[in-house]
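The file model_30.txt contains compact mmCIF, N, CA and C atoms:
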```
# COMPACT_ATOMS: atom_id res chain seq x y z
N MET S 1 -22.29 -69.34 68.70
CA MET S 1 -21.78 -68.22 67.95
C MET S 1 -21.27 -68.68 66.58
N ARG S 2 -20.57 -69.82 66.57
CA ARG S 2 -20.09 -70.35 65.30
C ARG S 2 -21.24 -70.65 64.35
N CYS S 3 -22.29 -71.20 64.90
CA CYS S 3 -23.46 -71.55 64.09
C CYS S 3 -24.06 -70.30 63.45
N LEU S 4 -24.15 -69.24 64.20
CA LEU S 4 -24.70 -67.99 63.69
C LEU S 4 -23.79 -67.42 62.59
N GLY S 5 -22.48 -67.48 62.82
CA GLY S 5 -21.52 -67.00 61.82
C GLY S 5 -21.62 -67.82 60.54
N SER S 6 -21.75 -69.13 60.66
CA SER S 6 -21.88 -70.00 59.49
C SER S 6 -23.16 -69.70 58.73
N LEU S 7 -24.22 -69.44 59.45
CA LEU S 7 -25.50 -69.12 58.82
C LEU S 7 -25.41 -67.82 58.04
N ILE S 8 -24.76 -66.82 58.60
CA ILE S 8 -24.60 -65.54 57.92
C ILE S 8 -23.78 -65.71 56.65
N VAL S 9 -22.68 -66.47 56.72
CA VAL S 9 -21.85 -66.72 55.54
C VAL S 9 -22.66 -67.46 54.48
N LEU S 10 -23.42 -68.46 54.89
CA LEU S 10 -24.23 -69.24 53.96
C LEU S 10 -25.24 -68.35 53.24
N LEU S 11 -25.89 -67.46 53.97
CA LEU S 11 -26.87 -66.55 53.36
C LEU S 11 -26.19 -65.58 52.38
N CYS S 12 -25.03 -65.10 52.72
CA CYS S 12 -24.30 -64.18 51.83
C CYS S 12 -23.88 -64.88 50.55
N VAL S 13 -23.37 -66.09 50.68
CA VAL S 13 -22.92 -66.85 49.51
C VAL S 13 -24.10 -67.22 48.63
N SER S 14 -25.23 -67.60 49.22
CA SER S 14 -26.39 -67.99 48.41
C SER S 14 -26.94 -66.81 47.62
N GLY S 15 -26.74 -65.60 48.11
CA GLY S 15 -27.17 -64.41 47.38
C GLY S 15 -26.35 -64.17 46.13
N CYS S 16 -25.17 -64.74 46.05
CA CYS S 16 -24.29 -64.58 44.89
C CYS S 16 -24.48 -65.66 43.84
N MET S 17 -25.27 -66.66 44.16
CA MET S 17 -25.45 -67.79 43.25
C MET S 17 -26.51 -67.50 42.19
N ASP S 18 -26.47 -68.28 41.14
CA ASP S 18 -27.50 -68.23 40.09
C ASP S 18 -28.85 -68.49 40.74
N GLN S 19 -29.83 -67.66 40.44
CA GLN S 19 -31.14 -67.79 41.06
C GLN S 19 -31.97 -68.91 40.45
N ASP S 20 -31.51 -69.50 39.35
CA ASP S 20 -32.22 -70.60 38.71
C ASP S 20 -31.21 -71.68 38.30
N PRO S 21 -30.55 -72.31 39.28
CA PRO S 21 -29.49 -73.27 38.95
C PRO S 21 -29.96 -74.50 38.18
N PHE S 22 -31.24 -74.81 38.22
CA PHE S 22 -31.76 -75.99 37.52
C PHE S 22 -32.51 -75.62 36.25
N ASN S 23 -32.42 -74.37 35.83
CA ASN S 23 -33.06 -73.87 34.61
C ASN S 23 -34.56 -74.14 34.56
N LEU S 24 -35.23 -73.96 35.67
CA LEU S 24 -36.67 -74.17 35.72
C LEU S 24 -37.44 -73.08 35.00
N SER S 25 -36.78 -71.98 34.67
CA SER S 25 -37.44 -70.89 33.95
C SER S 25 -37.23 -71.00 32.45
N GLN S 26 -36.75 -72.16 31.99
CA GLN S 26 -36.46 -72.35 30.57
C GLN S 26 -37.15 -73.60 30.02
N ARG S 27 -37.57 -73.50 28.74
CA ARG S 27 -38.13 -74.64 28.01
C ARG S 27 -37.52 -74.65 26.62
N LYS S 28 -36.95 -75.77 26.22
CA LYS S 28 -36.34 -75.90 24.90
C LYS S 28 -37.41 -75.85 23.82
N VAL S 29 -37.15 -75.05 22.77
CA VAL S 29 -38.06 -74.97 21.63
C VAL S 29 -37.53 -75.86 20.51
N ASP S 30 -36.32 -75.57 20.04
CA ASP S 30 -35.70 -76.37 18.96
C ASP S 30 -34.23 -75.99 18.89
N GLY S 31 -33.37 -76.97 18.62
CA GLY S 31 -31.94 -76.71 18.52
C GLY S 31 -31.43 -76.02 19.78
N PRO S 32 -30.60 -74.98 19.62
CA PRO S 32 -30.07 -74.28 20.79
C PRO S 32 -31.00 -73.19 21.33
N TYR S 33 -32.22 -73.11 20.82
CA TYR S 33 -33.15 -72.04 21.19
C TYR S 33 -34.11 -72.50 22.28
N PHE S 34 -34.34 -71.62 23.24
CA PHE S 34 -35.26 -71.93 24.32
C PHE S 34 -36.07 -70.71 24.71
N LEU S 35 -37.24 -70.97 25.24
CA LEU S 35 -38.12 -69.92 25.74
C LEU S 35 -37.80 -69.73 27.22
N GLU S 36 -37.60 -68.50 27.62
CA GLU S 36 -37.31 -68.21 29.02
C GLU S 36 -38.39 -67.33 29.60
N ARG S 37 -38.87 -67.72 30.77
CA ARG S 37 -39.94 -66.98 31.46
C ARG S 37 -39.33 -66.23 32.64
N PHE S 38 -39.64 -64.95 32.73
CA PHE S 38 -39.15 -64.14 33.83
C PHE S 38 -40.25 -63.93 34.86
N GLU S 39 -39.85 -63.56 36.07
CA GLU S 39 -40.81 -63.38 37.16
C GLU S 39 -41.88 -62.34 36.86
N ASN S 40 -41.56 -61.37 36.01
CA ASN S 40 -42.54 -60.32 35.70
C ASN S 40 -43.58 -60.78 34.67
N GLY S 41 -43.47 -62.04 34.21
CA GLY S 41 -44.43 -62.58 33.26
C GLY S 41 -44.02 -62.46 31.81
N ASN S 42 -42.90 -61.81 31.52
CA ASN S 42 -42.42 -61.70 30.15
C ASN S 42 -41.68 -62.96 29.72
N PHE S 43 -41.76 -63.25 28.43
CA PHE S 43 -41.05 -64.39 27.85
C PHE S 43 -40.07 -63.88 26.80
N TYR S 44 -38.90 -64.52 26.74
CA TYR S 44 -37.86 -64.16 25.77
C TYR S 44 -37.39 -65.42 25.07
N LEU S 45 -37.03 -65.29 23.80
CA LEU S 45 -36.43 -66.39 23.07
C LEU S 45 -34.93 -66.24 23.19
N GLN S 46 -34.30 -67.23 23.78
CA GLN S 46 -32.86 -67.19 24.04
C GLN S 46 -32.16 -68.26 23.22
N LYS S 47 -30.85 -68.09 23.07
CA LYS S 47 -30.02 -69.06 22.39
C LYS S 47 -28.93 -69.49 23.35
N THR S 48 -28.73 -70.78 23.50
CA THR S 48 -27.72 -71.31 24.40
C THR S 48 -26.36 -70.69 24.10
N GLY S 49 -25.68 -70.26 25.14
CA GLY S 49 -24.34 -69.71 25.00
C GLY S 49 -24.30 -68.22 24.72
N ILE S 50 -25.46 -67.62 24.48
CA ILE S 50 -25.50 -66.18 24.20
C ILE S 50 -26.46 -65.54 25.20
N SER S 51 -25.95 -64.58 25.92
CA SER S 51 -26.78 -63.89 26.91
C SER S 51 -26.84 -62.41 26.56
N GLN S 52 -28.02 -61.97 26.18
CA GLN S 52 -28.19 -60.55 25.88
C GLN S 52 -29.59 -60.12 26.27
N GLY S 53 -29.73 -58.89 26.66
CA GLY S 53 -31.03 -58.36 27.04
C GLY S 53 -32.00 -58.45 25.87
N GLY S 54 -33.18 -58.94 26.12
CA GLY S 54 -34.17 -59.07 25.04
C GLY S 54 -34.05 -60.37 24.27
N GLY S 55 -33.10 -61.21 24.63
CA GLY S 55 -32.94 -62.49 23.94
C GLY S 55 -32.42 -62.33 22.52
N CYS S 56 -32.46 -63.42 21.78
CA CYS S 56 -31.88 -63.41 20.42
C CYS S 56 -32.74 -62.65 19.42
N ILE S 57 -33.99 -62.35 19.76
CA ILE S 57 -34.82 -61.54 18.85
C ILE S 57 -34.94 -60.10 19.35
N GLU S 58 -34.20 -59.78 20.41
CA GLU S 58 -34.15 -58.44 20.97
C GLU S 58 -35.52 -57.88 21.29
N GLY S 59 -36.34 -58.72 21.94
CA GLY S 59 -37.66 -58.26 22.33
C GLY S 59 -38.44 -59.30 23.11
N ILE S 60 -39.55 -58.87 23.63
CA ILE S 60 -40.46 -59.74 24.39
C ILE S 60 -41.28 -60.56 23.40
N VAL S 61 -41.41 -61.85 23.65
CA VAL S 61 -42.20 -62.74 22.79
C VAL S 61 -43.68 -62.53 23.11
N GLU S 62 -44.45 -62.15 22.09
CA GLU S 62 -45.89 -61.97 22.25
C GLU S 62 -46.67 -63.16 21.72
N GLU S 63 -46.14 -63.82 20.68
CA GLU S 63 -46.69 -65.05 20.11
C GLU S 63 -45.52 -65.87 19.63
N ILE S 64 -45.73 -67.19 19.57
CA ILE S 64 -44.65 -68.06 19.11
C ILE S 64 -45.24 -69.32 18.46
N GLY S 65 -44.50 -69.84 17.51
CA GLY S 65 -44.84 -71.11 16.85
C GLY S 65 -43.57 -71.72 16.30
N TRP S 66 -43.60 -73.00 16.00
CA TRP S 66 -42.42 -73.66 15.46
C TRP S 66 -42.85 -74.84 14.60
N THR S 67 -42.07 -75.09 13.55
CA THR S 67 -42.33 -76.21 12.66
C THR S 67 -41.17 -76.37 11.69
N ASN S 68 -40.85 -77.60 11.34
CA ASN S 68 -39.87 -77.91 10.29
C ASN S 68 -38.58 -77.10 10.36
N GLY S 69 -37.99 -76.99 11.53
CA GLY S 69 -36.71 -76.30 11.67
C GLY S 69 -36.78 -74.79 11.71
N PHE S 70 -37.97 -74.25 11.91
CA PHE S 70 -38.13 -72.80 12.02
C PHE S 70 -38.88 -72.46 13.30
N ILE S 71 -38.54 -71.33 13.87
CA ILE S 71 -39.27 -70.77 15.01
C ILE S 71 -39.80 -69.42 14.56
N PHE S 72 -41.06 -69.16 14.84
CA PHE S 72 -41.72 -67.92 14.47
C PHE S 72 -42.11 -67.20 15.76
N ALA S 73 -41.55 -66.02 15.96
CA ALA S 73 -41.82 -65.30 17.20
C ALA S 73 -42.19 -63.85 16.90
N LYS S 74 -43.35 -63.47 17.40
CA LYS S 74 -43.77 -62.08 17.27
C LYS S 74 -43.18 -61.33 18.46
N ARG S 75 -42.42 -60.30 18.15
CA ARG S 75 -41.73 -59.59 19.23
C ARG S 75 -42.27 -58.19 19.45
N TYR S 76 -42.14 -57.76 20.69
CA TYR S 76 -42.30 -56.37 21.08
C TYR S 76 -40.88 -55.90 21.33
N ALA S 77 -40.33 -55.09 20.44
CA ALA S 77 -38.92 -54.72 20.47
C ALA S 77 -38.52 -54.05 21.78
N MET S 78 -37.35 -54.43 22.27
CA MET S 78 -36.82 -53.85 23.50
C MET S 78 -36.51 -52.37 23.31
N PHE S 79 -35.96 -52.03 22.17
CA PHE S 79 -35.60 -50.66 21.87
C PHE S 79 -36.71 -50.06 21.04
N ARG S 80 -37.37 -49.06 21.57
CA ARG S 80 -38.58 -48.54 20.93
C ARG S 80 -38.31 -47.88 19.58
N GLY S 81 -37.05 -47.69 19.21
CA GLY S 81 -36.73 -47.20 17.88
C GLY S 81 -36.74 -48.31 16.85
N ASP S 82 -36.73 -49.57 17.32
CA ASP S 82 -36.77 -50.74 16.44
C ASP S 82 -38.22 -51.15 16.21
N PRO S 83 -38.51 -51.68 15.03
CA PRO S 83 -39.90 -52.09 14.77
C PRO S 83 -40.27 -53.39 15.48
N ASP S 84 -41.53 -53.48 15.85
CA ASP S 84 -42.09 -54.73 16.37
C ASP S 84 -42.40 -55.61 15.17
N GLY S 85 -42.71 -56.87 15.41
CA GLY S 85 -43.13 -57.74 14.30
C GLY S 85 -42.62 -59.16 14.45
N TRP S 86 -42.82 -59.91 13.41
CA TRP S 86 -42.50 -61.34 13.39
C TRP S 86 -41.04 -61.57 13.02
N MET S 87 -40.36 -62.37 13.83
CA MET S 87 -38.99 -62.76 13.59
C MET S 87 -39.00 -64.24 13.20
N ILE S 88 -38.28 -64.56 12.13
CA ILE S 88 -38.22 -65.93 11.64
C ILE S 88 -36.84 -66.48 11.95
N VAL S 89 -36.78 -67.52 12.76
CA VAL S 89 -35.51 -68.12 13.16
C VAL S 89 -35.33 -69.42 12.38
N ASP S 90 -34.27 -69.48 11.59
CA ASP S 90 -33.89 -70.71 10.88
C ASP S 90 -32.96 -71.46 11.83
N VAL S 91 -33.48 -72.51 12.43
CA VAL S 91 -32.73 -73.25 13.45
C VAL S 91 -31.49 -73.89 12.86
N ARG S 92 -31.60 -74.48 11.69
CA ARG S 92 -30.48 -75.19 11.08
C ARG S 92 -29.31 -74.24 10.81
N ASN S 93 -29.61 -73.08 10.21
CA ASN S 93 -28.56 -72.10 9.88
C ASN S 93 -28.28 -71.13 11.02
N GLN S 94 -29.08 -71.19 12.07
CA GLN S 94 -28.99 -70.29 13.21
C GLN S 94 -28.95 -68.83 12.77
N SER S 95 -29.90 -68.51 11.89
CA SER S 95 -30.02 -67.14 11.39
C SER S 95 -31.43 -66.63 11.69
N ILE S 96 -31.55 -65.31 11.74
CA ILE S 96 -32.82 -64.68 12.07
C ILE S 96 -33.14 -63.63 11.02
N ARG S 97 -34.40 -63.65 10.59
CA ARG S 97 -34.89 -62.69 9.59
C ARG S 97 -36.08 -61.95 10.18
N GLY S 98 -36.19 -60.68 9.84
CA GLY S 98 -37.34 -59.91 10.29
C GLY S 98 -36.90 -58.59 10.87
N PRO S 99 -37.84 -57.86 11.38
CA PRO S 99 -39.23 -58.21 11.62
C PRO S 99 -40.11 -58.04 10.38
N LEU S 100 -41.11 -58.91 10.31
CA LEU S 100 -42.14 -58.84 9.27
C LEU S 100 -43.41 -58.29 9.91
N SER S 101 -44.17 -57.54 9.12
CA SER S 101 -45.47 -57.07 9.62
C SER S 101 -46.41 -58.27 9.72
N GLU S 102 -47.51 -58.08 10.38
CA GLU S 102 -48.53 -59.15 10.51
C GLU S 102 -48.99 -59.60 9.13
N ALA S 103 -49.26 -58.66 8.25
CA ALA S 103 -49.74 -58.99 6.90
C ALA S 103 -48.68 -59.76 6.11
N GLU S 104 -47.43 -59.32 6.17
CA GLU S 104 -46.34 -60.02 5.46
C GLU S 104 -46.18 -61.44 5.99
N PHE S 105 -46.21 -61.56 7.31
CA PHE S 105 -46.03 -62.87 7.94
C PHE S 105 -47.15 -63.83 7.53
N ARG S 106 -48.39 -63.40 7.63
CA ARG S 106 -49.53 -64.27 7.31
C ARG S 106 -49.57 -64.61 5.83
N LYS S 107 -49.10 -63.72 4.98
CA LYS S 107 -49.05 -63.99 3.54
C LYS S 107 -47.96 -65.02 3.22
N GLU S 108 -46.80 -64.86 3.85
CA GLU S 108 -45.66 -65.74 3.57
C GLU S 108 -45.79 -67.09 4.28
N TYR S 109 -46.41 -67.11 5.45
CA TYR S 109 -46.55 -68.34 6.25
C TYR S 109 -48.00 -68.53 6.66
N PRO S 110 -48.90 -68.78 5.71
CA PRO S 110 -50.33 -68.82 6.04
C PRO S 110 -50.74 -70.01 6.91
N ARG S 111 -49.98 -71.07 6.92
CA ARG S 111 -50.39 -72.28 7.67
C ARG S 111 -49.73 -72.42 9.04
N VAL S 112 -48.86 -71.49 9.37
CA VAL S 112 -48.15 -71.58 10.65
C VAL S 112 -49.11 -71.31 11.80
N GLN S 113 -49.13 -72.23 12.73
CA GLN S 113 -49.95 -72.10 13.94
C GLN S 113 -49.11 -71.42 15.01
N THR S 114 -49.63 -70.37 15.60
CA THR S 114 -48.93 -69.69 16.68
C THR S 114 -49.83 -69.63 17.91
N MET S 115 -49.21 -69.31 19.03
CA MET S 115 -49.93 -69.25 20.30
C MET S 115 -49.23 -68.26 21.22
N SER S 116 -49.87 -67.96 22.31
CA SER S 116 -49.24 -67.09 23.29
C SER S 116 -48.05 -67.83 23.90
N PRO S 117 -47.05 -67.10 24.39
CA PRO S 117 -45.92 -67.80 25.00
C PRO S 117 -46.32 -68.58 26.25
N LYS S 118 -47.34 -68.11 26.94
CA LYS S 118 -47.82 -68.83 28.13
C LYS S 118 -48.40 -70.19 27.73
N GLU S 119 -49.15 -70.23 26.63
CA GLU S 119 -49.70 -71.49 26.13
C GLU S 119 -48.57 -72.40 25.64
N ALA S 120 -47.60 -71.81 24.93
CA ALA S 120 -46.47 -72.59 24.43
C ALA S 120 -45.68 -73.20 25.58
N TRP S 121 -45.55 -72.46 26.65
CA TRP S 121 -44.81 -72.93 27.84
C TRP S 121 -45.36 -74.27 28.31
N GLY S 122 -46.68 -74.39 28.30
CA GLY S 122 -47.32 -75.64 28.74
C GLY S 122 -47.13 -76.78 27.77
N LYS S 123 -46.79 -76.50 26.51
CA LYS S 123 -46.61 -77.54 25.51
C LYS S 123 -45.16 -77.96 25.33
N LEU S 124 -44.25 -77.12 25.83
CA LEU S 124 -42.82 -77.43 25.66
C LEU S 124 -42.31 -78.32 26.77
```
Transcribe the structure of this file into structure tokens.
Amino acid sequence: MRCLGSLIVLLCVSGCMDQDPFNLSQRKVDGPYFLERFENGNFYLQKTGISQGGGCIEGIVEEIGWTNGFIFAKRYAMFRGDPDGWMIVDVRNQSIRGPLSEAEFRKEYPRVQTMSPKEAWGKL
């Protein structure tokens, strides 16, 4: 009987714990920024120490790239009243600019290589 009671308590307590205690759903991109993968297949750009729905770019990552202290993430905005587009993260200053349209982004950053978040996941 004690064993059964202990098992029930253990199951209840484990349900209250963090479901990813070893951060297996996260990959560091640069500085305090990391890509997080959710069970539904969506990816979010998060910042260490800040937890908000939609991540630090307030949207689902559709494409991502990084170089020379910048992260470039194309977002699908969480709030449909907000525009979709490219968010530019300055890692050093920890600031975010955007969204930029596809044309604006490609004109301003013509050499930036981007990829799907799933492909980036394998490289991080």
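Each of S:Gly122, S:Gly85, S:Gly54, S:Gly41 was checked against Arg106 (chain S) using only C-alpha atoms; the smallest atom-to-atom distance is that of S:Gly85.
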Shell of 6 Å around region 70-75 of chain S, all atoms listed in the file, local chain residues under 2 positions omitted, as a PyMOL selection string
chain S and resi 59-68+77+84-91
In region 18-107 of chain S, what's strand (DSSP E or B) per DSSP? Answer as number ranges by chain?
S: 26-30, 33-37, 43-47, 50, 59-67, 70-77, 85-90, 95-100
Residue set, region 8-96 of chain S restricted to alpha helix (DSSP H), as a list in words:
Ile8, Val9, Leu10, Leu11, Cys12, Val13, Ser14 and Gly15 of chain S
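Atom C of Phe43 (chain S) lies 21.6 Å from CA of Arg92 (chain S).
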Atom C of Gln94 (chain S) sits from atom C of Tyr109 (chain S) at a separation of 20.0 Å
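Put simply, atom N of Gly53 (chain S) is 9.9 Å away from atom N of Met78 (chain S).
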Just want the 8 Å neighbourhood of Gly55 (chain S), counted on only N, CA and C atoms, with same-chain residues fewer than 6 positions away dropped. Output as a count of residues only.
5
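Remark: for Gly98 (chain S), the closest of the candidate residues S:Glu119, S:Glu39, S:Tyr76, S:Pro83 is S:Pro83 (distances computed over only C-alpha atoms).
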Incomplete region 101-123 of chain S filled out to N, CA, C and O atoms as a PDB file, in the frame of the given file:
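Wrote rebuild_26.pdb, looks like this:
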```
ATOM      1  N   SER S 101     -44.170 -57.540   9.120  1.00  0.00           N
ATOM      2  CA  SER S 101     -45.470 -57.070   9.620  1.00  0.00           C
ATOM      3  C   SER S 101     -46.410 -58.270   9.720  1.00  0.00           C
ATOM      4  O   SER S 101     -46.141 -59.335   9.162  1.00  0.00           O
ATOM      5  N   GLU S 102     -47.510 -58.080  10.380  1.00  0.00           N
ATOM      6  CA  GLU S 102     -48.530 -59.150  10.510  1.00  0.00           C
ATOM      7  C   GLU S 102     -48.990 -59.600   9.130  1.00  0.00           C
ATOM      8  O   GLU S 102     -49.085 -60.800   8.858  1.00  0.00           O
ATOM      9  N   ALA S 103     -49.260 -58.660   8.250  1.00  0.00           N
ATOM     10  CA  ALA S 103     -49.740 -58.990   6.900  1.00  0.00           C
ATOM     11  C   ALA S 103     -48.680 -59.760   6.110  1.00  0.00           C
ATOM     12  O   ALA S 103     -48.995 -60.762   5.457  1.00  0.00           O
ATOM     13  N   GLU S 104     -47.430 -59.320   6.170  1.00  0.00           N
ATOM     14  CA  GLU S 104     -46.340 -60.020   5.460  1.00  0.00           C
ATOM     15  C   GLU S 104     -46.180 -61.440   5.990  1.00  0.00           C
ATOM     16  O   GLU S 104     -46.027 -62.385   5.229  1.00  0.00           O
ATOM     17  N   PHE S 105     -46.210 -61.560   7.310  1.00  0.00           N
ATOM     18  CA  PHE S 105     -46.030 -62.870   7.940  1.00  0.00           C
ATOM     19  C   PHE S 105     -47.150 -63.830   7.530  1.00  0.00           C
ATOM     20  O   PHE S 105     -46.885 -64.963   7.122  1.00  0.00           O
ATOM     21  N   ARG S 106     -48.390 -63.400   7.630  1.00  0.00           N
ATOM     22  CA  ARG S 106     -49.530 -64.270   7.310  1.00  0.00           C
ATOM     23  C   ARG S 106     -49.570 -64.610   5.830  1.00  0.00           C
ATOM     24  O   ARG S 106     -50.025 -65.692   5.444  1.00  0.00           O
ATOM     25  N   LYS S 107     -49.100 -63.720   4.980  1.00  0.00           N
ATOM     26  CA  LYS S 107     -49.050 -63.990   3.540  1.00  0.00           C
ATOM     27  C   LYS S 107     -47.960 -65.020   3.220  1.00  0.00           C
ATOM     28  O   LYS S 107     -48.179 -65.949   2.445  1.00  0.00           O
ATOM     29  N   GLU S 108     -46.800 -64.860   3.850  1.00  0.00           N
ATOM     30  CA  GLU S 108     -45.660 -65.740   3.570  1.00  0.00           C
ATOM     31  C   GLU S 108     -45.790 -67.090   4.280  1.00  0.00           C
ATOM     32  O   GLU S 108     -45.301 -68.110   3.778  1.00  0.00           O
ATOM     33  N   TYR S 109     -46.410 -67.110   5.450  1.00  0.00           N
ATOM     34  CA  TYR S 109     -46.550 -68.340   6.250  1.00  0.00           C
ATOM     35  C   TYR S 109     -48.000 -68.530   6.660  1.00  0.00           C
ATOM     36  O   TYR S 109     -48.329 -68.510   7.855  1.00  0.00           O
ATOM     37  N   PRO S 110     -48.900 -68.780   5.710  1.00  0.00           N
ATOM     38  CA  PRO S 110     -50.330 -68.820   6.040  1.00  0.00           C
ATOM     39  C   PRO S 110     -50.740 -70.010   6.910  1.00  0.00           C
ATOM     40  O   PRO S 110     -51.766 -69.930   7.588  1.00  0.00           O
ATOM     41  N   ARG S 111     -49.980 -71.070   6.920  1.00  0.00           N
ATOM     42  CA  ARG S 111     -50.390 -72.280   7.670  1.00  0.00           C
ATOM     43  C   ARG S 111     -49.730 -72.420   9.040  1.00  0.00           C
ATOM     44  O   ARG S 111     -50.003 -73.367   9.756  1.00  0.00           O
ATOM     45  N   VAL S 112     -48.860 -71.490   9.370  1.00  0.00           N
ATOM     46  CA  VAL S 112     -48.150 -71.580  10.650  1.00  0.00           C
ATOM     47  C   VAL S 112     -49.110 -71.310  11.800  1.00  0.00           C
ATOM     48  O   VAL S 112     -49.817 -70.310  11.801  1.00  0.00           O
ATOM     49  N   GLN S 113     -49.130 -72.230  12.730  1.00  0.00           N
ATOM     50  CA  GLN S 113     -49.950 -72.100  13.940  1.00  0.00           C
ATOM     51  C   GLN S 113     -49.110 -71.420  15.010  1.00  0.00           C
ATOM     52  O   GLN S 113     -47.988 -71.845  15.281  1.00  0.00           O
ATOM     53  N   THR S 114     -49.630 -70.370  15.600  1.00  0.00           N
ATOM     54  CA  THR S 114     -48.930 -69.690  16.680  1.00  0.00           C
ATOM     55  C   THR S 114     -49.830 -69.630  17.910  1.00  0.00           C
ATOM     56  O   THR S 114     -51.030 -69.853  17.826  1.00  0.00           O
ATOM     57  N   MET S 115     -49.210 -69.310  19.030  1.00  0.00           N
ATOM     58  CA  MET S 115     -49.930 -69.250  20.300  1.00  0.00           C
ATOM     59  C   MET S 115     -49.230 -68.260  21.220  1.00  0.00           C
ATOM     60  O   MET S 115     -48.114 -67.829  20.933  1.00  0.00           O
ATOM     61  N   SER S 116     -49.870 -67.960  22.310  1.00  0.00           N
ATOM     62  CA  SER S 116     -49.240 -67.090  23.290  1.00  0.00           C
ATOM     63  C   SER S 116     -48.050 -67.830  23.900  1.00  0.00           C
ATOM     64  O   SER S 116     -48.024 -69.064  23.926  1.00  0.00           O
ATOM     65  N   PRO S 117     -47.050 -67.100  24.390  1.00  0.00           N
ATOM     66  CA  PRO S 117     -45.920 -67.800  25.000  1.00  0.00           C
ATOM     67  C   PRO S 117     -46.320 -68.580  26.250  1.00  0.00           C
ATOM     68  O   PRO S 117     -45.749 -69.625  26.544  1.00  0.00           O
ATOM     69  N   LYS S 118     -47.340 -68.110  26.940  1.00  0.00           N
ATOM     70  CA  LYS S 118     -47.820 -68.830  28.130  1.00  0.00           C
ATOM     71  C   LYS S 118     -48.400 -70.190  27.730  1.00  0.00           C
ATOM     72  O   LYS S 118     -48.143 -71.209  28.382  1.00  0.00           O
ATOM     73  N   GLU S 119     -49.150 -70.230  26.630  1.00  0.00           N
ATOM     74  CA  GLU S 119     -49.700 -71.490  26.130  1.00  0.00           C
ATOM     75  C   GLU S 119     -48.570 -72.400  25.640  1.00  0.00           C
ATOM     76  O   GLU S 119     -48.564 -73.589  25.893  1.00  0.00           O
ATOM     77  N   ALA S 120     -47.600 -71.810  24.930  1.00  0.00           N
ATOM     78  CA  ALA S 120     -46.470 -72.590  24.430  1.00  0.00           C
ATOM     79  C   ALA S 120     -45.680 -73.200  25.580  1.00  0.00           C
ATOM     80  O   ALA S 120     -45.207 -74.340  25.486  1.00  0.00           O
ATOM     81  N   TRP S 121     -45.550 -72.460  26.650  1.00  0.00           N
ATOM     82  CA  TRP S 121     -44.810 -72.930  27.840  1.00  0.00           C
ATOM     83  C   TRP S 121     -45.360 -74.270  28.310  1.00  0.00           C
ATOM     84  O   TRP S 121     -44.612 -75.178  28.668  1.00  0.00           O
ATOM     85  N   GLY S 122     -46.680 -74.390  28.300  1.00  0.00           N
ATOM     86  CA  GLY S 122     -47.320 -75.640  28.740  1.00  0.00           C
ATOM     87  C   GLY S 122     -47.130 -76.780  27.770  1.00  0.00           C
ATOM     88  O   GLY S 122     -47.262 -77.941  28.146  1.00  0.00           O
ATOM     89  N   LYS S 123     -46.790 -76.500  26.510  1.00  0.00           N
ATOM     90  CA  LYS S 123     -46.610 -77.540  25.510  1.00  0.00           C
ATOM     91  C   LYS S 123     -45.160 -77.960  25.330  1.00  0.00           C
ATOM     92  O   LYS S 123     -44.885 -78.981  24.730  1.00  0.00           O
TER      93      LYS S 123
END
```
